[in-house]
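Engineer: What follows is final.txt, compact mmCIF, C-alpha atoms.
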# COMPACT_ATOMS: atom_id res chain seq x y z
CA MET S 530 144.17 -170.37 7.75
CA GLU S 531 141.59 -172.43 5.87
CA ALA S 532 141.99 -172.68 2.09
CA ARG S 533 140.47 -169.93 0.03
CA LYS S 534 137.11 -170.65 -1.54
CA VAL S 535 136.87 -172.05 -5.06
CA LYS S 536 133.23 -172.07 -6.15
CA MET S 537 132.31 -173.96 -9.27
CA ARG S 538 129.35 -174.43 -11.57
CA GLY S 539 129.11 -176.78 -14.52
CA LYS S 540 126.52 -177.51 -17.18
CA ILE S 541 126.68 -180.12 -19.96
CA LYS S 542 125.22 -179.27 -23.35
CA ASN S 543 125.76 -181.75 -26.22
CA THR S 544 128.75 -183.41 -24.45
CA VAL S 545 130.44 -180.03 -24.01
CA ALA S 546 130.63 -178.88 -20.42
CA GLN S 547 130.63 -175.15 -19.67
CA ILE S 548 132.55 -174.73 -16.40
CA LYS S 549 132.46 -171.50 -14.39
CA VAL S 550 134.77 -170.85 -11.47
CA LEU S 551 134.84 -168.06 -8.89
CA MET S 552 138.06 -167.99 -6.89
CA GLU S 553 138.56 -166.04 -3.72
CA HIS S 554 141.96 -164.30 -3.91
CA PRO S 555 143.24 -160.75 -3.24
CA MET S 556 145.31 -160.70 -6.48
CA GLU S 557 147.57 -157.95 -5.22
CA THR S 558 149.76 -156.51 -7.94
CA GLY S 559 152.54 -155.40 -5.63
CA THR S 560 152.32 -151.82 -6.89
CA ARG S 561 149.60 -150.55 -4.56
CA ARG S 562 150.42 -148.71 -1.36
CA ASP S 563 148.59 -148.80 1.93
CA GLU S 564 147.52 -145.79 4.02
CA ALA S 565 150.94 -145.65 5.71
CA GLY S 566 152.58 -145.39 2.30
CA ASP S 567 154.12 -148.84 2.30
CA VAL S 568 153.87 -151.12 -0.71
CA ILE S 569 151.32 -153.91 -0.32
CA PRO S 570 153.28 -157.03 -1.30
CA ALA S 571 152.39 -158.85 -4.51
CA HIS S 572 150.10 -161.79 -3.86
CA PHE S 573 148.54 -163.34 -6.93
CA ILE S 574 147.62 -166.70 -8.44
CA GLN S 575 150.40 -167.88 -10.73
CA GLU S 576 149.12 -171.20 -12.00
CA VAL S 577 145.68 -172.73 -12.45
CA ILE S 578 145.30 -176.42 -13.32
CA CYS S 579 141.99 -177.84 -14.55
CA GLN S 580 141.41 -181.58 -14.51
CA HIS S 581 138.71 -183.69 -16.07
CA ASN S 582 138.51 -187.07 -14.36
CA ASP S 583 142.12 -186.71 -13.11
CA GLN S 584 143.46 -185.79 -16.55
CA VAL S 585 144.88 -182.29 -16.89
CA VAL S 586 142.92 -180.60 -19.66
CA LEU S 587 143.92 -176.99 -19.13
CA SER S 588 146.77 -175.21 -17.39
CA VAL S 589 146.97 -171.44 -17.18
CA GLU S 590 149.68 -169.00 -16.14
CA TRP S 591 148.32 -165.88 -14.53
CA GLY S 592 149.93 -162.61 -13.60
CA THR S 593 149.11 -159.35 -11.90
CA SER S 594 146.66 -158.15 -14.52
CA ILE S 595 143.96 -160.56 -13.30
CA SER S 596 141.47 -158.84 -10.97
CA LYS S 597 140.63 -159.64 -7.39
CA ASN S 598 138.42 -162.72 -6.83
CA PRO S 599 138.89 -163.99 -10.38
CA TYR S 600 135.98 -165.34 -12.37
CA PHE S 601 137.10 -167.91 -14.92
CA ALA S 602 135.06 -169.91 -17.42
CA PHE S 603 136.10 -172.63 -19.85
CA LYS S 604 134.68 -175.51 -21.87
CA ILE S 605 135.51 -179.23 -21.76
CA ASN S 606 134.77 -181.64 -24.61
CA ASP S 607 133.50 -185.21 -24.20
CA ALA S 608 131.87 -184.47 -20.88
CA ASN S 609 129.37 -186.88 -19.36
CA PRO S 610 127.25 -186.87 -16.22
CA GLY S 611 129.27 -188.22 -13.32
CA ASP S 612 132.55 -186.75 -14.58
CA VAL S 613 134.59 -184.88 -12.00
CA VAL S 614 136.10 -181.52 -12.89
CA LYS S 615 138.74 -180.14 -10.53
CA VAL S 616 140.33 -176.70 -10.53
CA SER S 617 143.41 -176.03 -8.40
CA TRP S 618 145.70 -173.03 -8.12
CA THR S 619 149.09 -172.03 -6.69
CA ASP S 620 150.07 -168.45 -5.96
CA ASN S 621 153.38 -166.59 -5.83
CA LEU S 622 153.61 -167.10 -2.06
CA GLY S 623 153.16 -170.84 -2.36
CA GLU S 624 149.56 -170.88 -1.16
CA THR S 625 147.22 -173.31 -2.84
CA SER S 626 143.55 -174.13 -3.01
CA ALA S 627 141.25 -176.29 -5.10
CA GLY S 628 137.62 -177.01 -5.83
CA ASP S 629 135.79 -179.73 -7.67
CA ILE S 630 132.41 -180.45 -9.11
CA THR S 631 130.65 -183.61 -10.27
CA LEU S 632 128.81 -182.96 -13.50
CA LYS S 633 125.16 -183.91 -13.61
CA MET A 94 91.24 -101.53 8.47
CA LYS A 95 88.92 -103.27 10.83
CA ILE A 96 88.55 -107.02 10.31
CA SER A 97 86.29 -109.20 12.41
CA LEU A 98 87.90 -111.94 14.48
CA GLY A 99 86.13 -114.63 12.51
CA ILE A 100 87.40 -113.42 9.14
CA MET A 101 90.88 -112.89 10.65
CA LEU A 102 90.99 -116.48 11.88
CA THR A 103 89.81 -117.84 8.55
CA LEU A 104 92.46 -115.82 6.71
CA VAL A 105 95.24 -116.96 9.05
CA LEU A 106 94.20 -120.59 8.87
CA THR A 107 93.95 -120.53 5.09
CA LEU A 108 97.31 -118.81 4.69
CA GLY A 109 98.81 -121.14 7.28
CA SER A 110 97.58 -124.22 5.48
CA ILE A 111 98.80 -122.96 2.10
CA CYS A 112 102.26 -122.25 3.53
CA SER A 113 102.60 -125.60 5.34
CA VAL A 114 101.24 -127.85 2.60
CA HIS A 115 103.90 -129.67 0.62
CA ALA A 116 102.57 -132.31 -1.73
CA ASP A 117 102.32 -135.37 0.50
CA PRO A 118 104.80 -138.21 -0.05
CA GLU A 119 102.27 -140.43 -1.77
CA SER A 120 101.36 -137.73 -4.32
CA ASP A 121 105.10 -137.19 -4.88
CA ARG A 122 105.58 -140.91 -5.48
CA LEU A 123 102.71 -141.21 -7.93
CA ALA A 124 104.04 -138.26 -9.91
CA PHE A 125 107.56 -139.76 -9.75
CA VAL A 126 106.37 -143.12 -11.08
CA ARG A 127 104.23 -141.45 -13.74
CA PHE A 128 107.31 -139.59 -15.00
CA TYR A 129 109.01 -142.91 -15.74
CA THR A 130 105.97 -144.72 -17.16
CA GLU A 131 105.59 -141.81 -19.58
CA ARG A 132 109.29 -141.70 -20.42
CA PHE A 133 109.55 -145.47 -20.86
CA PRO A 134 106.06 -146.62 -21.86
CA ASN A 135 107.26 -150.08 -22.92
CA ILE A 136 109.07 -150.85 -19.68
CA ASP A 137 107.21 -152.13 -16.65
CA ILE A 138 107.96 -150.00 -13.62
CA GLN A 139 109.23 -153.05 -11.69
CA ALA A 140 111.80 -153.72 -14.40
CA HIS A 141 113.71 -150.58 -13.40
CA GLN A 142 115.05 -152.51 -10.40
CA ASP A 143 117.72 -153.68 -12.83
CA GLY A 144 118.76 -150.10 -13.50
CA ALA A 145 120.56 -149.50 -16.76
CA TYR A 146 120.16 -153.18 -17.64
CA ALA A 147 116.42 -152.57 -18.06
CA LEU A 148 117.22 -149.93 -20.68
CA ASP A 149 119.91 -151.49 -22.88
CA ALA A 150 119.48 -154.97 -24.38
CA ALA A 151 123.17 -155.60 -25.14
CA LYS A 152 124.31 -154.63 -21.66
CA ARG A 153 121.51 -156.71 -20.18
CA GLU A 154 122.67 -159.84 -22.03
CA GLN A 155 126.20 -159.53 -20.66
CA TRP A 156 124.88 -158.74 -17.20
CA LEU A 157 122.58 -161.79 -17.14
CA GLU A 158 125.55 -163.97 -18.02
CA MET A 159 127.44 -162.59 -15.03
CA GLU A 160 124.40 -163.08 -12.80
CA GLU A 161 124.56 -166.83 -13.54
CA PHE A 162 127.53 -166.92 -11.21
CA PRO A 163 127.39 -163.61 -9.41
CA PRO A 164 130.49 -161.97 -7.94
CA TYR A 165 128.62 -161.04 -4.75
CA GLU A 166 128.22 -164.70 -3.75
CA LEU A 167 131.45 -164.59 -1.77
CA ALA A 168 130.20 -161.52 0.13
CA VAL A 169 126.87 -163.18 0.95
CA ASP A 170 128.67 -166.26 2.29
CA GLU A 171 130.91 -164.08 4.47
CA GLY A 172 127.89 -162.09 5.61
CA GLU A 173 125.99 -165.20 6.62
CA ALA A 174 128.92 -166.31 8.79
CA LEU A 175 129.35 -162.85 10.34
CA PHE A 176 125.63 -162.51 11.01
CA ALA A 177 125.58 -165.76 12.95
CA LEU A 178 128.58 -164.86 15.10
CA ALA A 179 127.70 -164.12 18.70
CA PHE A 180 128.81 -160.91 20.41
CA LYS A 181 131.07 -161.19 23.44
CA ASN A 182 128.04 -160.95 25.72
CA GLY A 183 126.39 -163.93 24.07
CA ASN A 184 123.74 -162.01 22.12
CA ASN A 185 123.71 -161.75 18.34
CA TYR A 186 122.28 -159.66 15.51
CA ALA A 187 119.15 -161.80 15.34
CA GLY A 188 118.05 -160.37 18.67
CA CYS A 189 118.00 -156.81 17.31
CA PHE A 190 115.70 -157.37 14.33
CA ASP A 191 112.25 -158.70 13.54
CA ASN A 192 112.13 -162.31 12.41
CA ALA A 193 115.68 -162.87 13.69
CA GLY A 194 116.92 -160.47 10.98
CA VAL A 195 115.86 -162.71 8.11
CA GLY A 196 113.96 -161.02 5.30
CA VAL A 197 113.74 -157.59 6.97
CA LYS A 198 115.72 -155.26 4.72
CA GLN A 199 112.54 -153.87 3.16
CA GLN A 200 111.71 -152.22 6.51
CA PHE A 201 114.64 -149.84 6.09
CA PRO A 202 115.08 -146.93 6.18
CA MET A 203 112.52 -146.12 8.83
CA PHE A 204 111.90 -142.98 10.82
CA ASP A 205 112.61 -143.36 14.53
CA ALA A 206 110.54 -140.77 16.40
CA VAL A 207 112.42 -141.45 19.64
CA SER A 208 115.84 -140.46 18.31
CA ASN A 209 114.20 -138.19 15.71
CA GLN A 210 116.22 -139.51 12.81
CA VAL A 211 116.08 -141.78 9.81
CA VAL A 212 117.43 -145.21 10.70
CA THR A 213 119.00 -147.09 7.79
CA LEU A 214 119.94 -150.77 7.94
CA GLU A 215 123.60 -149.85 8.43
CA LEU A 216 122.72 -147.56 11.31
CA ALA A 217 120.55 -150.27 12.85
CA ILE A 218 123.42 -152.75 12.62
CA ASN A 219 125.71 -150.38 14.49
CA GLN A 220 122.98 -149.54 17.01
CA CYS A 221 122.70 -153.27 17.63
CA ARG A 222 126.46 -153.52 18.15
CA GLN A 223 126.47 -150.51 20.44
CA ALA A 224 123.63 -151.93 22.54
CA ASN A 225 125.73 -155.08 22.97
CA GLN A 226 128.97 -153.32 23.90
CA GLU A 227 130.62 -154.09 20.56
CA PRO A 228 132.65 -151.53 18.60
CA GLU A 229 130.80 -150.00 15.67
CA LEU A 230 131.66 -151.04 12.13
CA ALA A 231 133.00 -148.45 9.72
CA TYR A 232 130.29 -147.77 7.16
CA LEU A 233 132.58 -148.44 4.20
CA SER A 234 134.13 -151.54 5.77
CA ASP A 235 134.08 -155.01 4.22
CA GLU A 236 132.27 -156.37 7.27
CA MET A 237 129.39 -153.92 6.92
CA ALA A 238 129.17 -154.75 3.21
CA TYR A 239 129.10 -158.51 3.88
CA ILE A 240 126.42 -158.32 6.58
CA THR A 241 124.15 -156.03 4.54
CA ALA A 242 124.71 -158.24 1.47
CA TYR A 243 123.54 -161.27 3.40
CA MET A 244 120.51 -159.42 4.83
CA ALA A 245 119.64 -158.14 1.36
CA PHE A 246 119.89 -161.66 -0.02
CA THR A 247 117.39 -163.04 2.52
CA SER A 248 115.03 -160.13 1.73
CA ARG A 249 114.85 -160.70 -2.02
CA GLY A 250 111.34 -160.50 -3.38
CA ASN A 251 109.97 -158.54 -0.43
CA THR A 252 108.46 -155.16 -1.31
CA PHE A 253 109.12 -151.73 0.10
CA ALA A 254 106.30 -150.19 2.15
CA ILE A 255 108.13 -147.29 3.75
CA SER A 256 105.98 -144.97 5.82
CA VAL A 257 106.46 -141.29 6.56
CA PRO A 258 104.83 -140.49 9.91
CA GLN A 259 104.18 -136.85 10.79
CA ALA A 260 107.46 -136.74 12.73
CA GLY A 261 109.36 -137.94 9.68
CA VAL A 262 107.97 -135.44 7.19
CA ALA A 263 110.82 -132.96 7.71
CA ALA A 264 113.46 -135.63 7.05
CA TYR A 265 111.56 -136.81 3.96
CA GLU A 266 111.33 -133.23 2.67
CA GLN A 267 115.05 -132.69 3.27
CA GLY A 268 115.81 -135.84 1.30
CA LYS A 269 113.56 -134.67 -1.50
CA GLN A 270 115.22 -131.26 -1.51
CA PHE A 271 118.66 -132.87 -1.75
CA PHE A 272 117.52 -134.93 -4.74
CA TYR A 273 116.43 -131.83 -6.64
CA GLU A 274 119.21 -129.49 -5.48
CA ARG A 275 121.98 -128.66 -7.92
CA ARG A 276 125.54 -129.05 -6.72
CA GLY A 277 129.14 -129.22 -7.75
CA LYS A 278 131.20 -127.99 -10.65
CA LEU A 279 128.80 -129.59 -13.11
CA ASP A 280 125.84 -128.00 -11.29
CA PHE A 281 123.80 -131.19 -11.55
CA ASP A 282 121.15 -132.48 -9.24
CA CYS A 283 120.14 -136.15 -9.01
CA SER A 284 117.27 -135.57 -11.44
CA SER A 285 119.61 -134.07 -14.05
CA CYS A 286 120.95 -137.55 -14.80
CA HIS A 287 118.29 -139.87 -13.46
CA MET A 288 115.15 -138.11 -14.64
CA THR A 289 115.90 -135.58 -17.38
CA ASN A 290 118.50 -137.87 -18.94
CA ALA A 291 117.34 -141.31 -17.82
CA GLY A 292 117.93 -143.71 -20.70
CA ASN A 293 120.44 -141.42 -22.37
CA ASN A 294 124.15 -142.11 -22.60
CA LEU A 295 126.67 -140.45 -20.34
CA ARG A 296 129.98 -141.32 -22.01
CA ALA A 297 129.84 -145.13 -22.19
CA GLU A 298 127.11 -145.56 -19.62
CA VAL A 299 123.35 -145.60 -19.86
CA LEU A 300 121.71 -143.50 -17.13
CA SER A 301 119.29 -145.47 -14.97
CA ALA A 302 115.91 -144.42 -13.61
CA SER A 303 115.65 -143.45 -9.95
CA VAL A 304 112.60 -145.63 -9.57
CA GLY A 305 114.42 -148.85 -8.75
CA HIS A 306 117.43 -147.11 -7.25
CA ALA A 307 116.81 -148.37 -3.74
CA THR A 308 115.96 -152.00 -4.46
CA HIS A 309 119.28 -153.62 -5.31
CA TRP A 310 121.68 -152.55 -2.57
CA PRO A 311 124.32 -153.35 -1.48
CA THR A 312 125.91 -153.79 -4.87
CA TYR A 313 129.01 -155.47 -6.21
CA ARG A 314 130.45 -152.89 -8.57
CA PHE A 315 133.11 -154.22 -10.89
CA LYS A 316 134.62 -150.76 -10.65
CA TRP A 317 135.00 -151.21 -6.87
CA GLU A 318 135.93 -154.91 -7.12
CA GLN A 319 133.81 -155.32 -4.02
CA VAL A 320 130.38 -154.98 -2.52
CA GLY A 321 129.46 -151.48 -1.37
CA GLY A 322 126.42 -149.72 0.04
CA LEU A 323 124.10 -147.07 -1.34
CA HIS A 324 125.87 -144.28 0.53
CA LYS A 325 129.17 -145.26 -1.07
CA ARG A 326 127.41 -144.61 -4.36
CA PHE A 327 126.00 -141.29 -3.09
CA VAL A 328 129.57 -140.17 -2.29
CA GLU A 329 130.74 -141.31 -5.72
CA CYS A 330 127.87 -139.56 -7.52
CA ASN A 331 128.44 -136.30 -5.64
CA GLU A 332 132.17 -136.39 -6.36
CA GLN A 333 131.51 -137.21 -10.00
CA VAL A 334 129.66 -133.91 -10.45
CA GLY A 335 132.48 -132.09 -8.70
CA ALA A 336 130.63 -131.69 -5.42
CA GLU A 337 131.80 -132.65 -1.98
CA GLY A 338 131.08 -136.23 -1.02
CA LEU A 339 129.49 -136.27 2.42
CA ALA A 340 130.17 -138.87 5.10
CA PRO A 341 128.37 -142.18 4.52
CA GLN A 342 125.37 -142.43 6.86
CA SER A 343 125.44 -138.69 7.50
CA GLU A 344 122.04 -137.10 8.11
CA ALA A 345 121.80 -135.66 4.61
CA TYR A 346 122.41 -139.04 2.96
CA ARG A 347 120.08 -140.88 5.29
CA ASN A 348 117.33 -138.38 4.50
CA LEU A 349 118.06 -138.78 0.80
CA GLU A 350 117.83 -142.58 1.15
CA TYR A 351 114.51 -142.09 3.00
CA PHE A 352 113.06 -140.04 0.14
CA LEU A 353 114.50 -142.33 -2.54
CA THR A 354 113.26 -145.52 -0.89
CA TYR A 355 109.77 -144.05 -0.41
CA MET A 356 109.76 -143.32 -4.15
CA ASN A 357 110.48 -147.05 -4.62
CA ASN A 358 107.51 -148.18 -2.49
CA GLY A 359 105.75 -151.15 -4.04
CA MET A 360 108.92 -152.34 -5.74
CA ALA A 361 110.51 -155.70 -4.97
CA LEU A 362 113.96 -155.91 -3.43
CA ASN A 363 116.56 -157.62 -5.61
CA GLY A 364 119.82 -157.14 -3.77
CA PRO A 365 122.62 -157.74 -3.60
CA ALA A 366 123.18 -157.03 -7.27
CA SER A 367 126.12 -156.74 -9.62
CA ARG A 368 126.72 -153.58 -11.59
CA LYS A 369 129.48 -152.34 -13.82
Hey, can you dump this file as structure tokens for me?
Structural biologist:
Amino acid sequence: MEARKVKMRGKIKNTVAQIKVLMEHPMETGTRRDEAGDVIPAHFIQEVICQHNDQVVLSVEWGTSISKNPYFAFKINDANPGDVVKVSWTDNLGETSAGDITLK
Amino acid sequence: MKISLGIMLTLVLTLGSICSVHADPESDRLAFVRFYTERFPNIDIQAHQDGAYALDAAKREQWLEMEEFPPYELAVDEGEALFALAFKNGNNYAGCFDNAGVGVKQQFPMFDAVSNQVVTLELAINQCRQANQEPELAYLSDEMAYITAYMAFTSRGNTFAISVPQAGVAAYEQGKQFFYERRGKLDFDCSSCHMTNAGNNLRAEVLSASVGHATHWPTYRFKWEQVGGLHKRFVECNEQVGAEGLAPQSEAYRNLEYFLTYMNNGMALNGPASRK
């Protein structure tokens, strides 16, 4: 199965970059049941790592309260055109995905 | 009493024409639009395509921020891929629509005199599948949402110019009747919220105008966490007033969509959209 989509947008304003990320993920809490009455297993992003030019600038621990297809925005200081911002995640089932953007 | 044939005929024709005259759709639409221009004199009629976000500045600001990176983008991408997929017989959706299905959503719904029914985009998609020996898509399925989201996206900016031919008048009138017919525990009709109370608050929500109701579908509702069609909203609205939600794409809802979309003639399409 190909990696889930990680769409990113970034804009620099006065050396501060506003980064927006849209991640494709079911974010199942593990408490919902399907039509047959069986529990739909928990499947959610557990860790998100954000890198600015290969340096980790932000790491986040997520749980089941984050909604499906999470939208996530954050700011990075000392950002310049040409910088690469990468966002990668790992979920509770060991799946991973990542996306990156080169700031203009 | 003796009446001459001539006078008899005149009487019958006059009575007949009084009984069969409903205001024509265009007169209905002008009155409909006038209601909203009078109720919201400072809001351009086209602005109502944004629904409640045309009526509340604070909500609009938050909504515009979300629109910078809209949640329906994933659905449009999926839809584009699905739309391009060939059926088992080698044909594809492009063969069923004008202009290969690009920028055609404003044609729907249309009245098909051959099958004597209102054909919505969703119905047309399934008719296309049926004609190509493919199983129909469930109307509330993700796949249907993705394909209609993609088709809406390519149709942005196009304007509605729905027509009501003579054969379609009955369906139009049924849709109009549904709009103004009270139902459910709350005994509301569509106009109770969207005309009489348009712009007012209903709990934490601002009620939107019906002019602009047809332009922005399908919609990503944060409440649904997914993209859904207009009929999904019809079901929700009906259930919210304690009435029975009908089947999506049932005749009653298709006729309602026909009436509603005609009322939105001249307005630009802006789907898919995000809504709370």
Engineer: Between A:Glu171, A:Thr241, A:Cys221, A:Arg296, which has the minimum distance to A:Ala187 (counting all atoms listed in the file)?
Structural biologist: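 For A:Ala187, the nearest of the candidates is A:Cys221.
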Engineer: Got a sec to check which residues sit within 12 Å of (136.5, -188.4, -24.9), counting all atoms listed in the file, and write them as a short mmCIF file (atom, residue, chain, number, x, y, z; two decimals) with C-alpha atoms, in the frame of the given file?
Structural biologist:
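Once everything was written out, this is out-v9.cif:
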data_model
loop_
_atom_site.label_atom_id
_atom_site.label_comp_id
_atom_site.auth_asym_id
_atom_site.auth_seq_id
_atom_site.Cartn_x
_atom_site.Cartn_y
_atom_site.Cartn_z
CA THR S 544 128.75 -183.41 -24.45
CA VAL S 545 130.44 -180.03 -24.01
CA HIS S 581 138.71 -183.69 -16.07
CA ASN S 582 138.51 -187.07 -14.36
CA GLN S 584 143.46 -185.79 -16.55
CA VAL S 586 142.92 -180.60 -19.66
CA ILE S 605 135.51 -179.23 -21.76
CA ASN S 606 134.77 -181.64 -24.61
CA ASP S 607 133.50 -185.21 -24.20
CA ALA S 608 131.87 -184.47 -20.88
CA ASN S 609 129.37 -186.88 -19.36
CA ASP S 612 132.55 -186.75 -14.58
#
Engineer: Which value, in Å to one decimal, gives the distance between atom CA of A:Pro365 and atom CA of A:Leu323?
Structural biologist: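 Atom CA of A:Leu323 lies 11.0 Å from atom CA of A:Pro365.
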Engineer: In terms of the shortest atom-to-atom distance over only C-alpha atoms, which of S:Thr631, S:Ser588, S:Thr625, S:Ser596 is closest to chain A?
Structural biologist: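 Counting only C-alpha atoms, the residue closest to chain A is S:Ser596.
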Engineer: Return as CSV the residues of chain S lying at most 10 Å from chain A, together with the closest atom-to-atom pair for each and the distance in Å to one decimal, counting only C-alpha atoms, with rows in chain order and ascending residue number.
Structural biologist:
residue,atom,partner,partner_atom,distance
S:Lys534,CA,A:Leu167,CA,8.3
S:Val535,CA,A:Leu167,CA,9.8
S:Lys536,CA,A:Leu167,CA,8.8
S:Met537,CA,A:Phe162,CA,8.7
S:Arg538,CA,A:Phe162,CA,7.7
S:Lys549,CA,A:Phe162,CA,7.4
S:Val550,CA,A:Phe162,CA,8.2
S:Leu551,CA,A:Pro164,CA,7.5
S:Met552,CA,A:Leu167,CA,9.0
S:Glu553,CA,A:Leu167,CA,7.5
S:Ser596,CA,A:Glu318,CA,7.8
S:Lys597,CA,A:Glu318,CA,6.7
S:Asn598,CA,A:Pro164,CA,8.0
S:Pro599,CA,A:Pro164,CA,9.0
S:Tyr600,CA,A:Pro164,CA,7.8
Engineer: If we count all atoms listed in the file, what is near S:Trp618 at a cut-off of 9 Å, once residues fewer than 6 positions away on the same chain are taken out, given as a PDB file with C-alpha atoms, in the coordinates of the input?
Structural biologist:
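What ended up in out07.pdb:
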ATOM      1  CA  ILE S 574     147.620-166.700  -8.440  1.00  0.00           C
ATOM      2  CA  GLN S 575     150.400-167.880 -10.730  1.00  0.00           C
ATOM      3  CA  GLU S 576     149.120-171.200 -12.000  1.00  0.00           C
ATOM      4  CA  VAL S 577     145.680-172.730 -12.450  1.00  0.00           C
ATOM      5  CA  ILE S 578     145.300-176.420 -13.320  1.00  0.00           C
ATOM      6  CA  CYS S 579     141.990-177.840 -14.550  1.00  0.00           C
ATOM      7  CA  GLU S 624     149.560-170.880  -1.160  1.00  0.00           C
ATOM      8  CA  THR S 625     147.220-173.310  -2.840  1.00  0.00           C
ATOM      9  CA  SER S 626     143.550-174.130  -3.010  1.00  0.00           C
ATOM     10  CA  ALA S 627     141.250-176.290  -5.100  1.00  0.00           C
TER      11      ALA S 627
END
Engineer: Need the shell around stretch 194-204 of chain A: protein/DNA/RNA residues with any atom at most 7 Å away, counting all atoms listed in the file. Skip same-chain ones fewer than 3 positions apart. Format as a list in words?
Structural biologist: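 Non-adjacent residues within range: Ala187, Phe190, Asp191, Gln210, Val211, Val212, Thr213, Leu214, Met244, Ala245, Thr247, Ser248, Asn251, Thr252, Phe253, Ile255, Gly261 and Tyr351 of chain A.
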Engineer: Now that the selection is made, can you save its residues with C-alpha atoms as a short mmCIF file (atom, residue, chain, number, x, y, z; two decimals), in the coordinates of the input?
Structural biologist:
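Ended up saving to out_9.cif:
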data_model
loop_
_atom_site.label_atom_id
_atom_site.label_comp_id
_atom_site.auth_asym_id
_atom_site.auth_seq_id
_atom_site.Cartn_x
_atom_site.Cartn_y
_atom_site.Cartn_z
CA ALA A 187 119.15 -161.80 15.34
CA PHE A 190 115.70 -157.37 14.33
CA ASP A 191 112.25 -158.70 13.54
CA GLN A 210 116.22 -139.51 12.81
CA VAL A 211 116.08 -141.78 9.81
CA VAL A 212 117.43 -145.21 10.70
CA THR A 213 119.00 -147.09 7.79
CA LEU A 214 119.94 -150.77 7.94
CA MET A 244 120.51 -159.42 4.83
CA ALA A 245 119.64 -158.14 1.36
CA THR A 247 117.39 -163.04 2.52
CA SER A 248 115.03 -160.13 1.73
CA ASN A 251 109.97 -158.54 -0.43
CA THR A 252 108.46 -155.16 -1.31
CA PHE A 253 109.12 -151.73 0.10
CA ILE A 255 108.13 -147.29 3.75
CA GLY A 261 109.36 -137.94 9.68
CA TYR A 351 114.51 -142.09 3.00
#
Engineer: Mind giving me the straight-line distance from atom CA of A:Ser301 to atom CA of A:Glu274 in Å, one decimal?
Structural biologist: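 Between atom CA of A:Ser301 and atom CA of A:Glu274 the gap is 18.6 Å.
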Engineer: Might you pull out every residue within 8 Å of stretch 326-332 of chain A, with all atoms listed in the file counted and same-chain residues fewer than 5 positions away left off, and present them as a list in words?
Structural biologist: Arg276, Gly277, Gly321, Glu337, Gly338, Leu339, Ala340, Pro341 and Tyr346 of chain A
Engineer: For a quick check of understanding, using only C-alpha atoms, which of A:Ala147, A:Val320, A:Ala307, A:Ala174 has the smallest distance to A:Ser234?
Structural biologist: A:Val320
Engineer: Provide the atom CA of S:Gly539 to atom CA of A:Lys152 distance in Å, to one decimal place.
Structural biologist: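 Atom CA of A:Lys152 lies at a distance of 23.8 Å from atom CA of S:Gly539.
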Engineer: Write out as a PyMOL selection string each polymer residue whose atoms come within 6 Å of stretch 555-559 of chain S, counting all atoms listed in the file; drop sequence neighbours fewer than 6 positions from it.
Structural biologist: chain S and resi 569-573+593+597
